[in-house]
>>> print(open('start.pdb').read())   # PDB, C-alpha atoms
MODEL        1
ATOM      1  CA  MET A   1    -213.082  26.650  66.575
ATOM      2  CA  ARG A   2    -215.429  24.300  64.689
ATOM      3  CA  PHE A   3    -213.070  24.360  61.734
ATOM      4  CA  LEU A   4    -210.142  23.209  63.915
ATOM      5  CA  LEU A   5    -212.235  20.540  65.568
ATOM      6  CA  ARG A   6    -213.351  19.191  62.168
ATOM      7  CA  ARG A   7    -209.753  19.105  60.858
ATOM      8  CA  TRP A   8    -208.636  17.343  64.033
ATOM      9  CA  ARG A   9    -211.356  14.681  63.541
ATOM     10  CA  GLU A  10    -210.370  14.238  59.897
ATOM     11  CA  ARG A  11    -206.707  13.687  60.846
ATOM     12  CA  ILE A  12    -207.620  11.162  63.518
ATOM     13  CA  GLY A  13    -209.964   9.418  61.086
ATOM     14  CA  ARG A  14    -207.203   9.165  58.460
ATOM     15  CA  ALA A  15    -204.729   7.866  61.056
ATOM     16  CA  VAL A  16    -207.175   5.219  62.246
ATOM     17  CA  ARG A  17    -207.936   4.123  58.664
ATOM     18  CA  ASP A  18    -204.194   3.845  57.959
ATOM     19  CA  ILE A  19    -203.684   1.680  61.044
ATOM     20  CA  ILE A  20    -206.630  -0.518  60.092
ATOM     21  CA  GLU A  21    -205.308  -0.916  56.547
ATOM     22  CA  ARG A  22    -201.823  -1.899  57.758
ATOM     23  CA  CYS A  23    -203.122  -4.397  60.302
ATOM     24  CA  ARG A  24    -206.149  -5.740  58.427
ATOM     25  CA  ASP A  25    -205.067  -9.360  58.305
ATOM     26  CA  ARG A  26    -204.875  -9.535  62.087
ATOM     27  CA  TRP A  27    -208.646  -9.599  62.316
ATOM     28  CA  ASP A  28    -209.651 -10.331  58.732
ATOM     29  CA  PRO A  29    -206.989 -12.738  57.486
ATOM     30  CA  HIS A  30    -206.965 -13.445  53.761
ATOM     31  CA  ILE A  31    -204.927 -16.398  52.608
ATOM     32  CA  ASN A  32    -204.142 -16.934  48.939
ATOM     33  CA  VAL A  33    -204.609 -20.664  48.365
ATOM     34  CA  SER A  34    -203.612 -20.656  44.722
ATOM     35  CA  ALA A  35    -200.176 -19.044  44.964
ATOM     36  CA  GLY A  36    -197.983 -22.014  45.880
ATOM     37  CA  GLY A  37    -197.030 -25.171  44.041
ATOM     38  CA  ARG A  38    -196.083 -28.512  45.533
ATOM     39  CA  SER A  39    -194.245 -28.383  48.871
ATOM     40  CA  SER A  40    -191.368 -30.775  48.141
ATOM     41  CA  LEU A  41    -189.440 -32.263  51.043
ATOM     42  CA  LEU A  42    -186.425 -30.162  52.046
ATOM     43  CA  SER A  43    -183.146 -32.042  52.295
ATOM     44  CA  ALA A  44    -181.527 -32.564  55.697
ATOM     45  CA  SER A  45    -179.020 -29.741  55.099
ATOM     46  CA  GLU A  46    -181.743 -27.346  53.881
ATOM     47  CA  THR A  47    -183.843 -28.233  56.922
ATOM     48  CA  MET A  48    -180.932 -27.572  59.292
ATOM     49  CA  ARG A  49    -180.271 -24.174  57.683
ATOM     50  CA  LEU A  50    -183.948 -23.309  58.110
ATOM     51  CA  LEU A  51    -183.964 -24.425  61.763
ATOM     52  CA  ARG A  52    -180.914 -22.304  62.567
ATOM     53  CA  SER A  53    -182.372 -19.262  60.789
ATOM     54  CA  LEU A  54    -185.569 -19.488  62.882
ATOM     55  CA  ASP A  55    -183.794 -19.922  66.241
ATOM     56  CA  ASP A  56    -184.391 -16.474  67.795
ATOM     57  CA  PRO A  57    -182.237 -15.906  70.896
ATOM     58  CA  ASP A  58    -184.873 -13.689  72.554
ATOM     59  CA  PRO A  59    -186.511 -15.744  75.368
ATOM     60  CA  ASP A  60    -189.789 -13.855  74.843
ATOM     61  CA  TYR A  61    -190.068 -15.591  71.460
ATOM     62  CA  ALA A  62    -189.075 -19.119  72.435
ATOM     63  CA  GLU A  63    -192.586 -20.547  72.012
ATOM     64  CA  ALA A  64    -193.642 -18.520  68.971
ATOM     65  CA  PRO A  65    -191.837 -16.094  66.663
ATOM     66  CA  VAL A  66    -192.282 -12.354  67.003
ATOM     67  CA  ASN A  67    -194.057 -12.135  63.643
ATOM     68  CA  LEU A  68    -196.538 -14.989  64.230
ATOM     69  CA  ARG A  69    -200.062 -13.863  63.440
ATOM     70  CA  HIS A  70    -202.091 -16.307  65.487
ATOM     71  CA  ARG A  71    -205.456 -15.687  63.866
ATOM     72  CA  THR A  72    -204.073 -15.897  60.334
ATOM     73  CA  GLU A  73    -202.109 -19.084  61.022
ATOM     74  CA  HIS A  74    -205.045 -20.770  62.766
ATOM     75  CA  LYS A  75    -207.241 -19.886  59.794
ATOM     76  CA  ARG A  76    -204.560 -21.328  57.479
ATOM     77  CA  PHE A  77    -204.527 -24.490  59.622
ATOM     78  CA  LYS A  78    -208.331 -24.809  59.334
ATOM     79  CA  LEU A  79    -208.015 -24.434  55.550
ATOM     80  CA  LEU A  80    -205.387 -27.199  55.602
ATOM     81  CA  VAL A  81    -207.704 -29.481  57.578
ATOM     82  CA  ASP A  82    -210.541 -28.822  55.124
ATOM     83  CA  ALA A  83    -208.266 -29.407  52.116
ATOM     84  CA  ILE A  84    -206.897 -32.685  53.547
ATOM     85  CA  ASP A  85    -210.438 -33.843  54.383
ATOM     86  CA  GLU A  86    -211.522 -33.078  50.816
ATOM     87  CA  GLU A  87    -208.419 -34.621  49.224
ATOM     88  CA  PHE A  88    -208.833 -37.907  51.116
ATOM     89  CA  SER A  89    -212.655 -37.867  51.352
ATOM     90  CA  CYS A  90    -212.655 -38.252  55.113
ATOM     91  CA  SER A  91    -212.916 -36.319  58.350
ATOM     92  CA  CYS A  92    -209.472 -36.222  59.938
ATOM     93  CA  GLU A  93    -208.761 -35.813  63.629
ATOM     94  CA  HIS A  94    -207.046 -32.499  64.253
ATOM     95  CA  ASP A  95    -205.955 -30.261  67.101
ATOM     96  CA  ASP A  96    -204.801 -26.655  66.957
ATOM     97  CA  HIS A  97    -205.145 -25.853  70.654
ATOM     98  CA  MET A  98    -201.607 -26.728  71.661
ATOM     99  CA  GLU A  99    -200.591 -25.011  74.899
ATOM    100  CA  ASP A 100    -197.041 -24.369  76.060
ATOM    101  CA  SER A 101    -195.793 -25.766  72.776
ATOM    102  CA  ALA A 102    -194.065 -24.604  69.622
ATOM    103  CA  GLU A 103    -196.416 -26.854  67.666
ATOM    104  CA  LEU A 104    -199.329 -24.962  66.109
ATOM    105  CA  GLY A 105    -201.410 -27.999  65.266
ATOM    106  CA  ARG A 106    -201.614 -31.621  64.209
ATOM    107  CA  ILE A 107    -203.728 -33.555  61.700
ATOM    108  CA  VAL A 108    -204.153 -37.337  61.686
ATOM    109  CA  ILE A 109    -205.176 -38.980  58.391
ATOM    110  CA  PRO A 110    -206.601 -42.451  59.100
ATOM    111  CA  GLU A 111    -205.033 -45.518  57.519
ATOM    112  CA  THR A 112    -208.379 -46.584  56.024
ATOM    113  CA  VAL A 113    -208.288 -43.797  53.385
ATOM    114  CA  LEU A 114    -204.580 -44.133  52.537
ATOM    115  CA  ASP A 115    -202.499 -46.259  50.190
ATOM    116  CA  SER A 116    -199.784 -46.276  52.894
ATOM    117  CA  PRO A 117    -199.586 -49.083  55.486
ATOM    118  CA  ALA A 118    -200.298 -46.815  58.495
ATOM    119  CA  ARG A 119    -201.885 -43.488  59.413
ATOM    120  CA  ILE A 120    -200.141 -40.241  58.470
ATOM    121  CA  VAL A 121    -199.635 -37.451  60.994
ATOM    122  CA  ILE A 122    -199.021 -33.878  59.821
ATOM    123  CA  SER A 123    -197.460 -31.588  62.455
ATOM    124  CA  ILE A 124    -197.243 -27.827  61.950
ATOM    125  CA  SER A 125    -194.759 -25.651  63.852
ATOM    126  CA  ASP A 126    -195.427 -22.097  65.024
ATOM    127  CA  PHE A 127    -192.154 -21.227  63.296
ATOM    128  CA  GLY A 128    -191.892 -20.599  59.566
ATOM    129  CA  ARG A 129    -194.854 -22.832  58.652
ATOM    130  CA  MET A 130    -192.541 -25.821  59.000
ATOM    131  CA  THR A 131    -194.362 -29.111  58.537
ATOM    132  CA  ILE A 132    -193.559 -32.727  59.356
ATOM    133  CA  VAL A 133    -195.365 -35.456  57.420
ATOM    134  CA  ALA A 134    -194.858 -38.663  59.425
ATOM    135  CA  LEU A 135    -195.988 -42.241  59.044
ATOM    136  CA  GLU A 136    -197.678 -43.525  62.248
ATOM    137  CA  ASN A 137    -196.277 -40.778  64.516
ATOM    138  CA  PRO A 138    -193.562 -38.118  64.394
ATOM    139  CA  ALA A 139    -190.155 -39.689  65.163
ATOM    140  CA  ALA A 140    -191.460 -43.224  64.553
ATOM    141  CA  TRP A 141    -189.413 -43.699  61.366
ATOM    142  CA  SER A 142    -186.315 -42.158  59.785
ATOM    143  CA  ASP A 143    -186.690 -40.108  56.609
ATOM    144  CA  ALA A 144    -185.354 -43.028  54.538
ATOM    145  CA  GLU A 145    -187.807 -45.491  56.120
ATOM    146  CA  THR A 146    -190.714 -43.064  55.655
ATOM    147  CA  ALA A 147    -189.780 -42.553  51.986
ATOM    148  CA  GLU A 148    -189.765 -46.317  51.492
ATOM    149  CA  LEU A 149    -192.986 -47.078  53.392
ATOM    150  CA  MET A 150    -195.215 -44.094  52.561
ATOM    151  CA  ALA A 151    -197.086 -44.445  49.281
ATOM    152  CA  ASP A 152    -195.999 -41.902  46.656
ATOM    153  CA  SER A 153    -199.650 -41.172  45.894
ATOM    154  CA  ASP A 154    -200.292 -40.145  49.508
ATOM    155  CA  ARG A 155    -197.122 -38.050  49.711
ATOM    156  CA  THR A 156    -197.907 -36.239  46.446
ATOM    157  CA  ARG A 157    -201.478 -35.417  47.487
ATOM    158  CA  ILE A 158    -200.340 -34.081  50.866
ATOM    159  CA  GLU A 159    -197.448 -32.051  49.415
ATOM    160  CA  ASN A 160    -199.769 -30.475  46.835
ATOM    161  CA  VAL A 161    -202.139 -29.304  49.579
ATOM    162  CA  LEU A 162    -199.252 -28.063  51.754
ATOM    163  CA  GLY A 163    -197.785 -26.121  48.838
ATOM    164  CA  ARG A 164    -201.071 -24.408  47.978
ATOM    165  CA  LEU A 165    -201.272 -23.077  51.551
ATOM    166  CA  GLY A 166    -197.623 -22.015  51.843
ATOM    167  CA  TYR A 167    -196.344 -24.725  54.209
ATOM    168  CA  ILE A 168    -192.755 -26.011  54.092
ATOM    169  CA  HIS A 169    -192.276 -29.795  54.273
ATOM    170  CA  ILE A 170    -189.080 -30.430  56.257
ATOM    171  CA  SER A 171    -186.962 -33.528  56.859
ATOM    172  CA  GLU A 172    -187.437 -35.168  60.245
ATOM    173  CA  ASP A 173    -183.952 -36.588  60.776
ATOM    174  CA  PRO A 174    -182.278 -33.233  61.609
ATOM    175  CA  LEU A 175    -184.921 -32.602  64.290
ATOM    176  CA  ASP A 176    -183.389 -35.362  66.400
ATOM    177  CA  ASP A 177    -179.883 -33.871  66.224
ATOM    178  CA  PRO A 178    -178.632 -32.372  69.515
ATOM    179  CA  TYR A 179    -179.750 -28.774  69.890
ATOM    180  CA  ASP A 180    -176.790 -26.366  69.850
ATOM    181  CA  GLY A 181    -178.668 -23.086  69.520
ATOM    182  CA  GLU A 182    -179.264 -20.098  71.752
ATOM    183  CA  PHE A 183    -181.149 -21.717  74.674
ATOM    184  CA  ASP A 184    -180.096 -24.133  77.426
ATOM    185  CA  TRP A 185    -183.273 -26.202  77.755
ATOM    186  CA  PRO A 186    -184.009 -28.047  74.486
ATOM    187  CA  SER A 187    -182.072 -31.263  74.043
ATOM    188  CA  THR A 188    -182.978 -31.632  70.334
ATOM    189  CA  TRP A 189    -184.199 -29.413  67.508
ATOM    190  CA  ARG A 190    -187.522 -31.263  67.715
ATOM    191  CA  ASP A 191    -187.866 -30.069  71.323
ATOM    192  CA  ARG A 192    -187.169 -26.520  70.157
ATOM    193  CA  PHE A 193    -189.682 -26.304  67.300
ATOM    194  CA  PHE A 194    -192.329 -29.018  67.782
ATOM    195  CA  GLU A 195    -192.573 -30.176  71.382
ATOM    196  CA  GLU A 196    -194.237 -28.968  74.570
ATOM    197  CA  TYR A 197    -192.355 -26.684  76.948
ATOM    198  CA  ILE A 198    -192.296 -28.013  80.474
TER     199      ILE A 198
ENDMDL
END
>>> encode(input="start.pdb", output="structure tokens")
Amino acid sequence: MRFLLRRWRERIGRAVRDIIERCRDRWDPHINVSAGGRSSLLSASETMRLLRSLDDPDPDYAEAPVNLRHRTEHKRFKLLVDAIDEEFSCSCEHDDHMEDSAELGRIVIPETVLDSPARIVISISDFGRMTIVALENPAAWSDAETAELMADSDRTRIENVLGRLGYIHISEDPLDDPYDGEFDWPSTWRDRFFEEYI
């Protein structure tokens, strides 16, 4: 009887260790910050393909994708905040407590530490690590206007940090196109992947 009980405990112990090994990053997330290169801006057509590929028709996953690991992505966001603070030698405003929103978090880099004529706002989506890098505010300028107004030095520094952490810098213009995906409620792609749900 003791022999059977011991074998039963060993099997359960192995099963638990296997589960822990497979799910380790859910409670002990490890993020490789040296794997990526620069996160270059996706073109409008590449951005639209990405948006369509992430548009899951399941209403249970409207606010966040099925494979979103909240703890890992919030840790990645904190690493991004720290890296941006270090890159620009400042302490940026940030928020990663977005509720009822497909936006994971937002970082505001003050104008005083930039070569650009206004502050830069970085918005991160819950979906696919998509990132908007906007001058003043998201949707304030078109992609062409942002490219003209934002200093190349600022853009390069931000894209290098985004790339190291695995973020994807997307074009903003396609986000304002009418939403023609699986749901009835969003009016634009921005509403679908970056705005609050009301």
>>> closest_residue(input="start.pdb", among="A:Arg2, A:Arg164, A:Lys75, A:Arg119", to="Leu135 of chain A", atoms="only C-alpha atoms")
A:Arg119
>>> atom_distance(input="start.pdb", atom1="atom CA of Ile158 of chain A", atom2="atom CA of Asn67 of chain A")
26.2 Å
>>> resolve_selection(input="start.pdb", expression="the PyMOL selection byres ((chain A and resi 95) around 10)", output="MDAnalysis selection string")
chainID A and resid 77:78 81 92:94 96:98 104:108 123
>>> closest_atom_pairs(input="start.pdb", of="segment 44-108 of chain A", to="segment 174-182 of chain A", cutoff="7 Å", atoms="all atoms listed in the file", output="JSON lines")
{"residue": "A:Ala44", "atom": "CA", "partner": "A:Pro174", "partner_atom": "CA", "distance": 6.0}
{"residue": "A:Met48", "atom": "CA", "partner": "A:Pro174", "partner_atom": "CA", "distance": 6.3}
{"residue": "A:Asp55", "atom": "CA", "partner": "A:Gly181", "partner_atom": "CA", "distance": 6.9}
{"residue": "A:Pro57", "atom": "CA", "partner": "A:Glu182", "partner_atom": "CA", "distance": 5.2}
>>> axis_aligned_box(input="start.pdb", around="segment 73-87 of chain A", padding_each_side="5 Å", output="JSON")
{"center_x": -206.8, "center_y": -26.9, "center_z": 56.0, "size_x": 19.4, "size_y": 25.5, "size_z": 23.5}
>>> atom_distance(input="start.pdb", atom1="atom CA of Ala83 of chain A", atom2="atom CA of Asp173 of chain A")
26.8 Å
>>> resolve_selection(input="start.pdb", expression="the PyMOL selection byres ((chain A and resi 38) around 10)", output="ChimeraX atom specification")
/A:36-37,39-41,156-169
>>> resolve_selection(input="start.pdb", expression="the PyMOL selection byres ((chain A and resi 127) around 8)", output="list in words")
Leu54, Ala64, Pro65, Leu68, Ala102, Ser125, Asp126, Gly128, Arg129, Met130 and Phe193 of chain A
>>> write_last_selection(input="start.pdb", atoms="C-alpha atoms", output="PDB file, keeping the file's coordinate frame")
ATOM      1  CA  LEU A  54    -185.569 -19.488  62.882  1.00  0.00           C
ATOM      2  CA  ALA A  64    -193.642 -18.520  68.971  1.00  0.00           C
ATOM      3  CA  PRO A  65    -191.837 -16.094  66.663  1.00  0.00           C
ATOM      4  CA  LEU A  68    -196.538 -14.989  64.230  1.00  0.00           C
ATOM      5  CA  ALA A 102    -194.065 -24.604  69.622  1.00  0.00           C
ATOM      6  CA  SER A 125    -194.759 -25.651  63.852  1.00  0.00           C
ATOM      7  CA  ASP A 126    -195.427 -22.097  65.024  1.00  0.00           C
ATOM      8  CA  GLY A 128    -191.892 -20.599  59.566  1.00  0.00           C
ATOM      9  CA  ARG A 129    -194.854 -22.832  58.652  1.00  0.00           C
ATOM     10  CA  MET A 130    -192.541 -25.821  59.000  1.00  0.00           C
ATOM     11  CA  PHE A 193    -189.682 -26.304  67.300  1.00  0.00           C
TER      12      PHE A 193
END
>>> residues_around(input="start.pdb", residues="Ala140 of chain A", least_positions_apart="5", cutoff="12 Å", atoms="only C-alpha atoms", output="PyMOL selection string")
chain A and resi 118-121+132-135+145-146+149+172-173+176
>>> closest_residue(input="start.pdb", among="A:Cys90, A:Val66, A:Ile124, A:Leu114", to="Ile170 of chain A", atoms="only C-alpha atoms")
A:Ile124
>>> atom_distance(input="start.pdb", atom1="atom CA of Asp100 of chain A", atom2="atom CA of Leu50 of chain A")
22.2 Å
>>> residues_around(input="start.pdb", residues="Ser91 of chain A", least_positions_apart="3", cutoff="9 Å", atoms="all atoms listed in the file", output="mmCIF file with C-alpha atoms, keeping the file's coordinate frame")
data_model
loop_
_atom_site.group_PDB
_atom_site.id
_atom_site.type_symbol
_atom_site.label_atom_id
_atom_site.label_comp_id
_atom_site.auth_asym_id
_atom_site.auth_seq_id
_atom_site.Cartn_x
_atom_site.Cartn_y
_atom_site.Cartn_z
ATOM 1 C CA VAL A 81 -207.704 -29.481 57.578
ATOM 2 C CA ASP A 82 -210.541 -28.822 55.124
ATOM 3 C CA ILE A 84 -206.897 -32.685 53.547
ATOM 4 C CA ASP A 85 -210.438 -33.843 54.383
ATOM 5 C CA GLU A 86 -211.522 -33.078 50.816
ATOM 6 C CA PHE A 88 -208.833 -37.907 51.116
ATOM 7 C CA ILE A 109 -205.176 -38.980 58.391
ATOM 8 C CA PRO A 110 -206.601 -42.451 59.100
#
>>> closest_residue(input="start.pdb", among="A:Asp56, A:Asp152, A:Asp191, A:Glu10", to="Glu103 of chain A", atoms="all atoms listed in the file")
A:Asp191
>>> closest_residue(input="start.pdb", among="A:Leu4, A:Asp154, A:Leu79, A:Ser171", to="Thr131 of chain A", atoms="only C-alpha atoms")
A:Ser171
